[in-house]
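So this one's model26.tsv, TSV, C-alpha atoms:
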```tsv
chain	number	residue	atom	x	y	z
A	1	MET	CA	-25.42	36.18	18.19
A	2	SER	CA	-25.41	37.28	21.79
A	3	ARG	CA	-24.68	33.89	23.24
A	4	ARG	CA	-21.56	33.79	25.34
A	5	PHE	CA	-18.82	31.31	24.58
A	6	GLY	CA	-18.31	28.68	27.24
A	7	GLN	CA	-21.70	26.98	27.31
A	8	PRO	CA	-21.74	24.09	27.71
A	9	ALA	CA	-18.34	23.68	29.35
A	10	TYR	CA	-16.57	20.39	29.96
A	11	HIS	CA	-13.53	20.23	32.20
A	12	PHE	CA	-11.15	17.30	32.58
A	13	GLU	CA	-8.53	16.91	35.28
A	14	GLU	CA	-6.64	14.91	32.70
A	15	THR	CA	-7.22	13.96	29.08
A	16	ASP	CA	-5.05	13.13	26.09
A	17	THR	CA	-6.06	16.26	24.18
A	18	THR	CA	-8.96	18.68	24.44
A	19	MET	CA	-8.95	18.85	20.61
A	20	ARG	CA	-10.13	15.26	20.31
A	21	GLU	CA	-12.74	15.68	23.04
A	22	ALA	CA	-14.11	18.85	21.43
A	23	ALA	CA	-14.20	17.32	17.94
A	24	GLU	CA	-16.25	14.43	19.30
A	25	LEU	CA	-18.69	16.82	20.95
A	26	ALA	CA	-18.95	18.74	17.70
A	27	ARG	CA	-19.64	15.60	15.66
A	28	ASN	CA	-22.37	14.73	18.15
A	29	GLY	CA	-24.06	18.06	17.54
A	30	CYS	CA	-23.00	20.31	20.42
A	31	PRO	CA	-23.82	24.00	19.98
A	32	GLU	CA	-21.38	26.66	18.91
A	33	GLY	CA	-19.52	28.06	21.90
A	34	ALA	CA	-19.10	24.73	23.67
A	35	ILE	CA	-15.69	24.39	25.30
A	36	VAL	CA	-13.42	21.69	26.64
A	37	THR	CA	-10.67	22.51	29.11
A	38	ALA	CA	-8.18	20.28	30.90
A	39	ALA	CA	-5.88	20.75	33.87
A	40	ARG	CA	-3.41	18.44	32.20
A	41	GLN	CA	-3.08	16.94	28.73
A	42	THR	CA	-1.09	13.76	28.24
A	43	ALA	CA	-0.80	14.33	24.48
A	44	GLY	CA	-1.38	18.05	23.94
A	45	ARG	CA	-1.33	18.74	20.22
A	46	GLY	CA	0.58	21.31	18.26
A	47	ARG	CA	0.75	21.69	14.52
A	48	LEU	CA	1.41	18.51	12.51
A	49	GLY	CA	1.87	16.08	15.35
A	50	ARG	CA	4.04	18.37	17.46
A	51	ARG	CA	3.51	18.25	21.19
A	52	TRP	CA	2.20	21.13	23.25
A	53	LEU	CA	3.65	21.21	26.77
A	54	SER	CA	0.64	20.64	29.03
A	55	GLU	CA	1.68	20.26	32.66
A	56	PRO	CA	-0.86	20.77	35.44
A	57	ASP	CA	-0.94	24.34	36.73
A	58	GLY	CA	1.35	25.36	33.89
A	59	GLY	CA	-1.25	26.62	31.50
A	60	LEU	CA	-4.75	26.95	30.17
A	61	TYR	CA	-5.64	24.28	27.64
A	62	LEU	CA	-8.81	25.14	25.81
A	63	SER	CA	-10.73	23.88	22.79
A	64	LEU	CA	-13.69	25.89	21.52
A	65	VAL	CA	-16.29	24.66	19.02
A	66	LEU	CA	-17.34	27.09	16.28
A	67	ARG	CA	-19.87	26.57	13.52
A	68	PRO	CA	-19.38	29.39	11.05
A	69	ASP	CA	-21.70	29.08	8.06
A	70	VAL	CA	-18.98	29.69	5.49
A	71	ALA	CA	-17.25	27.89	2.64
A	72	PRO	CA	-13.98	26.13	3.59
A	73	GLY	CA	-11.98	28.69	1.63
A	74	ALA	CA	-13.16	31.48	3.95
A	75	ALA	CA	-12.32	29.58	7.13
A	76	PRO	CA	-8.53	30.06	7.41
A	77	LEU	CA	-9.27	33.63	8.44
A	78	LEU	CA	-10.59	32.11	11.68
A	79	THR	CA	-7.02	31.56	12.77
A	80	LEU	CA	-6.37	35.32	12.58
A	81	VAL	CA	-9.67	35.97	14.36
A	82	ALA	CA	-8.59	33.64	17.17
A	83	GLY	CA	-5.15	35.26	17.33
A	84	LEU	CA	-6.70	38.72	17.70
A	85	GLY	CA	-8.98	37.55	20.51
A	86	ALA	CA	-6.21	35.75	22.36
A	87	ALA	CA	-3.84	38.72	22.07
A	88	GLU	CA	-6.51	41.01	23.49
A	89	ALA	CA	-7.06	38.66	26.43
A	90	VAL	CA	-3.33	38.38	27.17
A	91	ARG	CA	-3.03	42.16	27.03
A	92	ALA	CA	-5.95	42.53	29.46
A	93	ALA	CA	-4.61	39.90	31.85
A	94	THR	CA	-1.04	41.18	31.97
A	95	GLY	CA	-1.21	44.85	31.10
A	96	LEU	CA	1.69	44.09	28.76
A	97	ASP	CA	2.02	44.86	25.11
A	98	CYS	CA	1.94	41.74	23.00
A	99	ASP	CA	2.56	40.96	19.38
A	100	ILE	CA	1.08	38.34	17.05
A	101	ARG	CA	3.48	36.31	14.96
A	102	TRP	CA	1.56	35.41	11.79
A	103	PRO	CA	-0.76	33.64	11.78
A	104	ASN	CA	-1.48	33.44	15.49
A	105	ASP	CA	1.39	32.92	17.92
A	106	ILE	CA	1.02	35.32	20.83
A	107	MET	CA	4.37	36.87	21.66
A	108	ILE	CA	5.61	38.89	24.60
A	109	ARG	CA	9.07	40.42	24.25
A	110	GLY	CA	9.83	38.12	21.33
A	111	ARG	CA	8.83	34.91	23.09
A	112	LYS	CA	5.74	32.81	22.56
A	113	CYS	CA	3.24	32.62	25.43
A	114	ALA	CA	0.30	31.13	23.54
A	115	GLY	CA	-0.25	28.97	20.48
A	116	ILE	CA	-3.38	28.37	18.47
A	117	LEU	CA	-4.39	25.53	16.21
A	118	VAL	CA	-7.67	25.16	14.34
A	119	GLU	CA	-8.97	21.80	13.15
A	120	MET	CA	-11.88	21.89	10.77
A	121	GLU	CA	-14.24	19.42	9.18
A	122	THR	CA	-16.34	20.09	6.12
A	123	ARG	CA	-19.18	18.46	4.29
A	124	GLU	CA	-20.45	19.29	0.83
A	125	GLU	CA	-18.33	22.42	0.64
A	126	ARG	CA	-19.55	23.92	3.92
A	127	VAL	CA	-17.82	23.98	7.27
A	128	THR	CA	-19.56	21.61	9.70
A	129	HIS	CA	-17.43	22.70	12.62
A	130	ALA	CA	-14.08	24.17	13.51
A	131	VAL	CA	-12.34	23.49	16.80
A	132	VAL	CA	-10.10	26.32	17.97
A	133	GLY	CA	-7.39	25.05	20.29
A	134	ILE	CA	-5.50	27.49	22.48
A	135	GLY	CA	-2.62	26.69	24.77
A	136	LEU	CA	-1.72	29.61	27.01
A	137	ASN	CA	1.36	29.38	29.21
A	138	LEU	CA	0.36	30.73	32.62
A	139	ASN	CA	2.60	29.66	35.48
A	140	TYR	CA	5.62	27.90	34.03
A	141	ARG	CA	8.74	29.07	35.85
A	142	GLU	CA	11.10	27.54	33.33
A	143	PHE	CA	11.14	25.63	30.08
A	144	GLY	CA	13.30	22.78	28.82
A	145	ALA	CA	16.37	23.53	26.75
A	146	ASP	CA	14.43	23.16	23.50
A	147	LEU	CA	11.97	25.91	24.45
A	148	ALA	CA	14.08	28.12	26.73
A	149	ASP	CA	14.85	30.69	24.02
A	150	SER	CA	11.46	30.71	22.36
A	151	ALA	CA	8.80	30.28	25.06
A	152	THR	CA	7.59	32.35	27.96
A	153	SER	CA	4.72	32.37	30.46
A	154	LEU	CA	2.56	35.07	31.98
A	155	LEU	CA	4.23	34.38	35.35
A	156	LEU	CA	7.69	34.93	33.90
A	157	GLU	CA	6.58	38.14	32.22
A	158	THR	CA	4.59	39.68	35.07
A	159	GLY	CA	6.15	38.14	38.16
A	160	ARG	CA	2.80	36.93	39.46
A	161	ARG	CA	0.57	33.89	39.09
A	162	HIS	CA	-2.37	33.80	36.68
A	163	GLU	CA	-5.12	31.30	37.46
A	164	ALA	CA	-6.76	29.44	34.60
A	165	ASP	CA	-10.22	30.03	36.09
A	166	ALA	CA	-9.68	33.77	36.16
A	167	VAL	CA	-8.27	33.99	32.65
A	168	LEU	CA	-10.78	31.70	30.92
A	169	GLN	CA	-13.96	33.79	30.66
A	170	PRO	CA	-12.22	37.02	29.61
A	171	LEU	CA	-10.42	34.98	26.94
A	172	LEU	CA	-13.71	33.49	25.71
A	173	ASP	CA	-15.33	36.93	25.64
A	174	ALA	CA	-12.44	38.39	23.65
A	175	LEU	CA	-12.64	35.48	21.19
A	176	ARG	CA	-16.37	35.98	20.80
A	177	ASP	CA	-15.98	39.73	20.15
A	178	SER	CA	-13.38	39.05	17.49
A	179	TYR	CA	-15.48	36.24	15.93
A	180	GLU	CA	-18.58	38.42	15.83
A	181	ILE	CA	-16.76	41.07	13.79
A	182	TYR	CA	-15.71	38.36	11.33
A	183	LEU	CA	-19.27	37.01	11.02
A	184	GLN	CA	-21.02	40.36	10.79
A	185	GLN	CA	-18.53	42.56	8.96
A	186	GLY	CA	-16.52	40.11	6.93
A	187	LYS	CA	-12.83	39.83	6.38
A	188	GLU	CA	-11.74	43.43	5.79
A	189	PRO	CA	-11.99	44.60	9.42
A	190	VAL	CA	-10.25	41.38	10.52
A	191	LEU	CA	-7.37	41.97	8.11
A	192	GLU	CA	-7.15	45.62	9.18
A	193	ALA	CA	-7.14	44.80	12.87
A	194	PHE	CA	-4.57	42.09	12.33
A	195	ALA	CA	-2.23	44.39	10.41
A	196	LYS	CA	-2.37	46.79	13.36
A	197	ALA	CA	-1.89	44.11	16.02
A	198	SER	CA	0.96	42.20	14.37
A	199	SER	CA	4.39	43.67	13.69
A	200	TYR	CA	5.07	40.67	11.46
A	201	VAL	CA	2.70	41.76	8.69
A	202	SER	CA	5.00	44.16	6.93
A	203	GLY	CA	8.63	45.11	6.73
A	204	ARG	CA	9.98	42.24	8.83
A	205	ARG	CA	12.86	40.14	7.56
A	206	VAL	CA	11.74	36.55	8.11
A	207	VAL	CA	12.55	32.98	7.28
A	208	VAL	CA	9.70	30.58	6.49
A	209	THR	CA	10.26	26.90	7.17
A	210	GLY	CA	8.16	24.18	5.56
A	211	GLY	CA	4.83	24.48	3.80
A	212	GLY	CA	3.99	24.79	0.14
A	213	GLY	CA	6.13	21.86	-0.94
A	214	ARG	CA	9.40	23.72	-0.51
A	215	ALA	CA	12.26	21.75	0.90
A	216	ALA	CA	14.36	24.87	1.33
A	217	ASP	CA	13.63	27.73	3.69
A	218	ARG	CA	12.22	30.84	2.12
A	219	ARG	CA	13.70	34.19	3.14
A	220	GLY	CA	12.39	37.63	2.48
A	221	VAL	CA	10.68	40.70	3.82
A	222	THR	CA	7.01	40.62	4.74
A	223	ALA	CA	4.79	42.72	2.48
A	224	GLY	CA	1.31	42.70	4.00
A	225	LEU	CA	-1.56	40.23	3.80
A	226	ASP	CA	-3.47	39.10	0.75
A	227	ALA	CA	-7.28	39.18	0.61
A	228	ASP	CA	-7.50	35.81	2.36
A	229	GLY	CA	-5.10	36.71	5.16
A	230	MET	CA	-2.08	34.90	3.78
A	231	LEU	CA	1.24	36.54	4.53
A	232	LEU	CA	2.97	38.05	1.52
A	233	LEU	CA	6.71	37.52	1.32
A	234	ARG	CA	8.96	39.55	-0.99
A	235	ASP	CA	12.15	37.69	-1.85
A	236	ALA	CA	15.53	39.16	-2.75
A	237	ALA	CA	14.57	39.27	-6.42
A	238	GLY	CA	11.51	41.36	-5.60
A	239	ARG	CA	9.08	38.51	-6.25
A	240	VAL	CA	6.08	38.48	-3.93
A	241	GLU	CA	4.38	35.22	-3.00
A	242	PRO	CA	1.70	34.34	-0.46
A	243	ILE	CA	2.57	31.95	2.37
A	244	SER	CA	-0.25	29.47	3.01
A	245	ALA	CA	1.54	27.34	5.59
A	246	GLY	CA	4.89	27.08	7.30
A	247	SER	CA	6.63	28.45	10.36
A	248	VAL	CA	7.51	32.13	10.22
A	249	ARG	CA	10.52	33.22	12.28
A	250	LEU	CA	12.50	36.43	12.37
A	251	ASP	CA	15.57	36.06	10.22
A	252	GLU	CA	18.56	36.15	12.56
A	253	ARG	CA	20.58	38.03	9.98
A	254	GLY	CA	17.84	40.66	9.96
A	255	ARG	CA	17.80	40.82	13.74
A	256	ARG	CA	21.51	41.54	13.85
A	257	SER	CA	21.19	44.35	11.36
A	258	ASP	CA	18.26	45.78	13.36
A	259	ALA	CA	20.44	45.78	16.46
A	260	ALA	CA	23.28	47.44	14.60
A	261	SER	CA	21.07	50.20	13.29
A	262	GLY	CA	19.19	50.72	16.53
B	1	MET	CA	-10.77	9.16	-32.10
B	2	SER	CA	-10.15	8.81	-35.85
B	3	ASP	CA	-13.34	10.68	-36.74
B	4	SER	CA	-12.64	13.37	-34.19
B	5	LYS	CA	-12.80	16.94	-35.39
B	6	ILE	CA	-10.45	17.95	-32.63
B	7	ASP	CA	-7.02	18.96	-33.78
B	8	LEU	CA	-4.99	16.98	-31.24
B	9	ASP	CA	-1.67	18.11	-32.65
B	10	SER	CA	-2.63	21.73	-32.14
B	11	ILE	CA	-3.70	21.00	-28.59
B	12	ARG	CA	-0.42	19.23	-27.88
B	13	GLU	CA	1.58	22.10	-29.28
B	14	LEU	CA	-0.43	24.68	-27.38
B	15	THR	CA	-0.12	22.70	-24.16
B	16	ASP	CA	3.64	22.46	-24.59
B	17	LEU	CA	3.78	26.16	-25.25
B	18	ALA	CA	1.70	26.94	-22.16
B	19	VAL	CA	4.02	24.82	-20.00
B	20	GLU	CA	7.19	26.14	-21.61
B	21	LYS	CA	6.17	29.78	-21.21
B	22	ASP	CA	4.58	29.14	-17.81
B	23	LEU	CA	1.24	30.53	-18.94
B	24	SER	CA	-1.78	29.93	-16.75
B	25	GLU	CA	-4.20	30.33	-19.62
B	26	LEU	CA	-3.93	30.24	-23.39
B	27	GLU	CA	-6.63	30.71	-26.01
B	28	TYR	CA	-6.29	29.96	-29.71
B	29	GLU	CA	-8.99	30.66	-32.25
B	30	THR	CA	-9.45	29.92	-35.92
B	31	SER	CA	-12.52	30.25	-38.09
B	32	LYS	CA	-13.42	26.63	-37.29
B	33	GLN	CA	-12.58	26.20	-33.64
B	34	ARG	CA	-11.42	27.79	-30.46
B	35	ILE	CA	-9.08	26.02	-28.02
B	36	ARG	CA	-8.53	27.19	-24.50
B	37	ILE	CA	-5.82	25.72	-22.26
B	38	VAL	CA	-6.08	26.36	-18.53
B	39	ARG	CA	-3.31	25.23	-16.20
B	40	GLN	CA	-3.77	24.79	-12.49
B	41	GLY	CA	-1.09	24.85	-9.81
B	42	PRO	CA	2.50	26.00	-9.92
B	43	ALA	CA	4.76	24.95	-12.78
B	44	VAL	CA	6.87	22.81	-10.48
B	45	ALA	CA	3.85	20.69	-9.75
B	46	ALA	CA	3.05	20.12	-13.38
B	47	ALA	CA	5.46	17.25	-13.75
B	48	ALA	CA	3.98	15.44	-10.77
B	49	ILE	CA	0.38	15.75	-11.89
B	50	PRO	CA	-0.64	13.37	-14.62
B	51	VAL	CA	-3.02	15.92	-16.12
B	52	PRO	CA	-1.14	19.21	-15.86
B	53	ALA	CA	-3.23	20.96	-18.47
B	54	ALA	CA	-6.98	20.71	-18.67
B	55	VAL	CA	-8.12	21.11	-22.22
B	56	GLN	CA	-11.42	22.91	-22.25
B	57	PRO	CA	-13.13	23.38	-25.57
B	58	ALA	CA	-14.72	26.81	-25.56
B	59	PRO	CA	-18.39	27.20	-26.54
B	60	ALA	CA	-17.47	27.74	-30.19
B	61	ALA	CA	-16.26	24.15	-30.31
B	62	ALA	CA	-19.30	22.76	-28.54
B	63	PRO	CA	-19.93	19.82	-30.89
B	64	ALA	CA	-16.55	18.39	-29.95
B	65	SER	CA	-16.83	18.82	-26.20
B	66	ALA	CA	-18.41	15.48	-25.36
B	67	GLU	CA	-15.64	13.58	-27.06
B	68	THR	CA	-12.97	15.68	-25.41
B	69	GLU	CA	-14.35	14.97	-21.97
B	70	ALA	CA	-14.40	11.29	-22.70
B	71	ALA	CA	-10.80	11.46	-23.86
B	72	ALA	CA	-9.82	13.29	-20.67
B	73	GLY	CA	-11.02	10.44	-18.53
B	74	GLY	CA	-14.76	10.93	-18.23
B	75	ASP	CA	-15.14	7.28	-17.19
B	76	SER	CA	-16.50	6.15	-13.86
B	77	ALA	CA	-13.51	7.44	-11.86
B	78	SER	CA	-14.13	10.34	-9.54
B	79	TYR	CA	-11.77	12.76	-7.88
B	80	ILE	CA	-11.41	14.15	-4.39
B	81	GLU	CA	-10.67	17.85	-4.77
B	82	SER	CA	-9.21	20.42	-2.42
B	83	PRO	CA	-11.89	22.69	-0.94
B	84	MET	CA	-9.36	25.48	-0.39
B	85	VAL	CA	-5.92	26.88	-1.14
B	86	GLY	CA	-3.31	25.40	1.18
B	87	THR	CA	-0.67	22.78	1.76
B	88	PHE	CA	-1.38	19.07	1.29
B	89	TYR	CA	-0.41	16.47	3.90
B	90	ALA	CA	-0.90	12.77	3.32
B	91	SER	CA	-0.46	11.90	7.01
B	92	PRO	CA	-1.46	13.47	10.35
B	93	ALA	CA	2.19	13.97	11.36
B	94	PRO	CA	5.52	13.76	9.51
B	95	ASP	CA	6.42	10.39	11.07
B	96	ALA	CA	2.91	8.91	10.97
B	97	PRO	CA	1.62	6.57	8.27
B	98	PRO	CA	-0.53	8.15	5.54
B	99	PHE	CA	-4.30	8.31	5.98
B	100	VAL	CA	-4.75	6.21	2.85
B	101	GLN	CA	-2.51	4.35	0.41
B	102	THR	CA	-2.93	3.59	-3.26
B	103	GLY	CA	-5.05	0.46	-3.57
B	104	ASP	CA	-6.94	1.02	-0.30
B	105	ARG	CA	-10.64	0.44	-0.35
B	106	ILE	CA	-12.31	3.37	1.41
B	107	GLU	CA	-15.82	4.23	2.57
B	108	LYS	CA	-17.47	7.57	1.97
B	109	GLY	CA	-16.59	9.88	4.86
B	110	ARG	CA	-13.12	8.44	5.43
B	111	THR	CA	-10.43	11.05	6.17
B	112	VAL	CA	-7.97	10.92	3.27
B	113	CYS	CA	-5.63	13.85	3.92
B	114	ILE	CA	-5.18	17.25	5.53
B	115	VAL	CA	-5.03	20.57	3.73
B	116	GLU	CA	-3.52	23.31	5.89
B	117	ALA	CA	-3.85	27.03	5.47
B	118	MET	CA	-2.57	29.37	8.15
B	119	LYS	CA	-2.51	26.75	10.91
B	120	LEU	CA	-6.04	25.71	10.12
B	121	MET	CA	-5.99	22.00	9.49
B	122	ASN	CA	-8.80	20.82	7.24
B	123	GLU	CA	-9.33	17.08	7.41
B	124	ILE	CA	-10.61	16.14	3.98
B	125	GLU	CA	-13.20	13.37	3.89
B	126	ALA	CA	-13.87	11.21	0.84
B	127	ASP	CA	-17.17	12.26	-0.71
B	128	VAL	CA	-17.40	8.87	-2.44
B	129	GLY	CA	-16.38	5.36	-1.52
B	130	GLY	CA	-14.19	3.19	-3.74
B	131	ILE	CA	-10.58	2.28	-4.40
B	132	VAL	CA	-7.80	4.84	-4.07
B	133	ALA	CA	-6.42	4.55	-7.59
B	134	GLU	CA	-3.89	7.35	-7.40
B	135	ARG	CA	-2.63	10.17	-5.21
B	136	LEU	CA	-2.20	13.17	-7.47
B	137	VAL	CA	-0.13	15.51	-5.29
B	138	GLU	CA	3.07	15.22	-3.30
B	139	ASN	CA	3.17	15.38	0.48
B	140	GLY	CA	3.80	18.98	1.52
B	141	GLN	CA	2.86	20.38	-1.87
B	142	GLY	CA	0.84	23.58	-2.26
B	143	VAL	CA	-2.63	23.01	-3.70
B	144	GLU	CA	-5.18	25.29	-5.30
B	145	PHE	CA	-8.92	25.47	-4.75
B	146	GLY	CA	-10.55	22.64	-6.68
B	147	GLN	CA	-7.27	20.87	-7.43
B	148	ARG	CA	-7.62	17.09	-7.72
B	149	LEU	CA	-5.99	15.26	-4.81
B	150	PHE	CA	-6.98	11.62	-5.29
B	151	LYS	CA	-8.45	9.55	-8.07
B	152	ILE	CA	-11.07	7.13	-6.81
B	153	THR	CA	-12.38	4.25	-8.90
B	154	PRO	CA	-15.48	2.19	-8.07
B	155	ALA	CA	-14.87	-0.75	-5.77
```

What do you get writing this file as structure tokens?
Amino acid sequence: MSRRFGQPAYHFEETDTTMREAAELARNGCPEGAIVTAARQTAGRGRLGRRWLSEPDGGLYLSLVLRPDVAPGAAPLLTLVAGLGAAEAVRAATGLDCDIRWPNDIMIRGRKCAGILVEMETREERVTHAVVGIGLNLNYREFGADLADSATSLLLETGRRHEADAVLQPLLDALRDSYEIYLQQGKEPVLEAFAKASSYVSGRRVVVTGGGGRAADRRGVTAGLDADGMLLLRDAAGRVEPISAGSVRLDERGRRSDAASG
Amino acid sequence: MSDSKIDLDSIRELTDLAVEKDLSELEYETSKQRIRIVRQGPAVAAAAIPVPAAVQPAPAAAPASAETEAAAGGDSASYIESPMVGTFYASPAPDAPPFVQTGDRIEKGRTVCIVEAMKLMNEIEADVGGIVAERLVENGQGVEFGQRLFKITPA
């Protein structure tokens, strides 16, 4: 598969969400690698109905159509694949070290600069398409009170502007490189690369909110990834369980003890 | 079932034992029959799922298998199953109405729920049309590959 991502490309000055536009294209048979971008989204989507801040000039809002010929059970790994590609692109654009918070938040100095969401449709136990949505904060100078502690932008981190047009193709190329490894070499190299790129994979004290039918937060220390890329969490009793969904955050109690010891 | 050769009491006892001891699989064999109990999903979910233990007669008990399947609900109802391990959501967002409600008449291809794994949201489409007779999992619950999510009866 030598085809570049980004063909065909549809750009909107304004749309509700590039995810919906891309899913429609996919249902109408567009090829793999098709993208939808928008200068502004009026209803940018995050996970489970959350909003993604999508002001004009603030960020890059991209949805990419993939058509991996895999069973649905093998598809969640795509979110790690996308995280690896996006992290590589952010590193290249900024020259800064960045981390991946499982499964795919791109972090610089502990703050999130990009988020990724994948929406998939299946038929008869095969994936018909998956739309990878990436929101990358480029030129925000500040965030509202609800995001001030947790979000950042490339401008804030590097002190200079980053244009969406300049960032887009390198990002698509990095995503394609990462995706090609997944298609051609399977999940092991993806899991290996992810374990190297993400400090969250092992030995981090975290709290997991939501997911898996648990009302209460789960706390523990991360203990690697399972064969499907799920994060393993070891609780205080030494019990290890895989996390399939939920928000992973550093446990504040752990952060304080890190600071004390360092 | 009066002429059944299946020892229902044994199956009940074994099922209780499997639940009580939190066993995922239990096999019991005598000279006449072999009974295998396989449980799916975490123990906490067992109470919420009407059929927590699937009773599968092993090959040794083949003559009885047809009757057992009929007893387990081998009527015209069908089930929408999860295509992957993940977390079940009945609605697209916490404050949004569910995709489908019990009693709804749905067409094949209708989105009935989302299963999430690792921020990949899989919109599950009904592979048959009919009436949503029952939702078999709780919102936010973890589900296994192949776990039944909805019971659909013919319209």

Which chain A residues have any atom within 6 Å of an atom of chain B, and for each, what is the nearest pair of atoms with distance in Å to one decimal, counting all atoms listed in the file, rows sorted by chain and number, as JSON lines?
```
{"residue": "A:Leu48", "atom": "CA", "partner": "B:Ala93", "partner_atom": "CA", "distance": 4.7}
{"residue": "A:Gly49", "atom": "CA", "partner": "B:Ala93", "partner_atom": "CA", "distance": 4.5}
{"residue": "A:Gly73", "atom": "CA", "partner": "B:Met84", "partner_atom": "CA", "distance": 4.6}
{"residue": "A:Pro76", "atom": "CA", "partner": "B:Leu120", "partner_atom": "CA", "distance": 5.7}
{"residue": "A:Pro103", "atom": "CA", "partner": "B:Met118", "partner_atom": "CA", "distance": 5.9}
{"residue": "A:Leu117", "atom": "CA", "partner": "B:Lys119", "partner_atom": "CA", "distance": 5.8}
{"residue": "A:Val118", "atom": "CA", "partner": "B:Leu120", "partner_atom": "CA", "distance": 4.6}
{"residue": "A:Glu119", "atom": "CA", "partner": "B:Met121", "partner_atom": "CA", "distance": 4.7}
{"residue": "A:Met120", "atom": "CA", "partner": "B:Asn122", "partner_atom": "CA", "distance": 4.8}
{"residue": "A:Glu121", "atom": "CA", "partner": "B:Glu123", "partner_atom": "CA", "distance": 5.7}
{"residue": "A:Gly212", "atom": "CA", "partner": "B:Gly142", "partner_atom": "CA", "distance": 4.1}
{"residue": "A:Gly213", "atom": "CA", "partner": "B:Gln141", "partner_atom": "CA", "distance": 3.7}
{"residue": "A:Ser244", "atom": "CA", "partner": "B:Ala117", "partner_atom": "CA", "distance": 5.0}
{"residue": "A:Ala245", "atom": "CA", "partner": "B:Met118", "partner_atom": "CA", "distance": 5.3}
```

Test item: residues at most 10 Å from Ala236 of chain A, all atoms listed in the file, excluding those fewer than 4 positions along its chain, as an NGL selection string: :A and (219-221 or 240)

Keeping only C-alpha atoms, take the residues you just selected and write them out as a PDB file, keeping the file's coordinate frame.
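Result file follows (selection25.pdb):
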```pdb
ATOM      1  CA  ARG A 219      13.700  34.190   3.140  1.00  0.00           C
ATOM      2  CA  GLY A 220      12.390  37.630   2.480  1.00  0.00           C
ATOM      3  CA  VAL A 221      10.680  40.700   3.820  1.00  0.00           C
ATOM      4  CA  VAL A 240       6.080  38.480  -3.930  1.00  0.00           C
TER       5      VAL A 240
END
```

Could you give me, as a ChimeraX atom specification, the residues within 8 Å of segment 194-202 of chain A, counting only C-alpha atoms and dropping anything in the same chain fewer than 5 positions from it? /A:80,84,99-102,221-225,231

Which is closest to Ile35 of chain A among A:Cys113, A:Ala227, A:Met19, A:Ile108, if we use all atoms listed in the file?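 Under the stated criterion, the closest residue is A:Met19.
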
Residue nearest Thr15 of chain A among A:Cys30, A:Leu191, A:Leu154, A:Ala39 (counting only C-alpha atoms): A:Ala39

Just the number, please: distance in Å from atom CA of Asp251 of chain A to atom CA of Gly83 of chain A, one decimal.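 About the pair atom CA of Asp251 of chain A and atom CA of Gly83 of chain A: they are 21.9 Å apart.
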
Counting only C-alpha atoms, what is within 7 Å of Thr153 of chain B, bar same-chain residues fewer than 6 positions away, as a PDB file with C-alpha atoms, keeping the file's coordinate frame?
```pdb
ATOM      1  CA  SER B  76     -16.500   6.150 -13.860  1.00  0.00           C
ATOM      2  CA  ALA B  77     -13.510   7.440 -11.860  1.00  0.00           C
ATOM      3  CA  SER B  78     -14.130  10.340  -9.540  1.00  0.00           C
ATOM      4  CA  GLY B 130     -14.190   3.190  -3.740  1.00  0.00           C
ATOM      5  CA  ILE B 131     -10.580   2.280  -4.400  1.00  0.00           C
ATOM      6  CA  VAL B 132      -7.800   4.840  -4.070  1.00  0.00           C
ATOM      7  CA  ALA B 133      -6.420   4.550  -7.590  1.00  0.00           C
TER       8      ALA B 133
END
```

One-decimal distance in Å that lies between atom CA of Val112 of chain B and atom CA of Val100 of chain B: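 Taking atom CA of Val100 of chain B and atom CA of Val112 of chain B, their separation equals 5.7 Å.
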
Which value, in Å to one decimal, gives the distance between atom CA of Asp228 of chain A and atom CA of Gly46 of chain A?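 One can read the atom CA of Asp228 of chain A to atom CA of Gly46 of chain A distance as 23.0 Å.
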
With a distance cut-off of 9 Å and all atoms listed in the file, select the neighbouring residues of segment 129-133 of chain A, excluding the residue or stretch itself and same-chain residues fewer than 2 positions from it, and output the selection as a PyMOL selection string. (chain A and resi 18-19+22-23+26-27+32+45+61-69+75+78-79+82+115-122+127+135) or (chain B and resi 120+122)

Grab the residues selected above and save them as a short mmCIF file (atom, residue, chain, number, x, y, z; two decimals), in the frame of the given file with C-alpha atoms.
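See result.cif below for the written result:
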```
data_model
loop_
_atom_site.label_atom_id
_atom_site.label_comp_id
_atom_site.auth_asym_id
_atom_site.auth_seq_id
_atom_site.Cartn_x
_atom_site.Cartn_y
_atom_site.Cartn_z
CA THR A 18 -8.96 18.68 24.44
CA MET A 19 -8.95 18.85 20.61
CA ALA A 22 -14.11 18.85 21.43
CA ALA A 23 -14.20 17.32 17.94
CA ALA A 26 -18.95 18.74 17.70
CA ARG A 27 -19.64 15.60 15.66
CA GLU A 32 -21.38 26.66 18.91
CA ARG A 45 -1.33 18.74 20.22
CA TYR A 61 -5.64 24.28 27.64
CA LEU A 62 -8.81 25.14 25.81
CA SER A 63 -10.73 23.88 22.79
CA LEU A 64 -13.69 25.89 21.52
CA VAL A 65 -16.29 24.66 19.02
CA LEU A 66 -17.34 27.09 16.28
CA ARG A 67 -19.87 26.57 13.52
CA PRO A 68 -19.38 29.39 11.05
CA ASP A 69 -21.70 29.08 8.06
CA ALA A 75 -12.32 29.58 7.13
CA LEU A 78 -10.59 32.11 11.68
CA THR A 79 -7.02 31.56 12.77
CA ALA A 82 -8.59 33.64 17.17
CA GLY A 115 -0.25 28.97 20.48
CA ILE A 116 -3.38 28.37 18.47
CA LEU A 117 -4.39 25.53 16.21
CA VAL A 118 -7.67 25.16 14.34
CA GLU A 119 -8.97 21.80 13.15
CA MET A 120 -11.88 21.89 10.77
CA GLU A 121 -14.24 19.42 9.18
CA THR A 122 -16.34 20.09 6.12
CA VAL A 127 -17.82 23.98 7.27
CA GLY A 135 -2.62 26.69 24.77
CA LEU B 120 -6.04 25.71 10.12
CA ASN B 122 -8.80 20.82 7.24
#
```
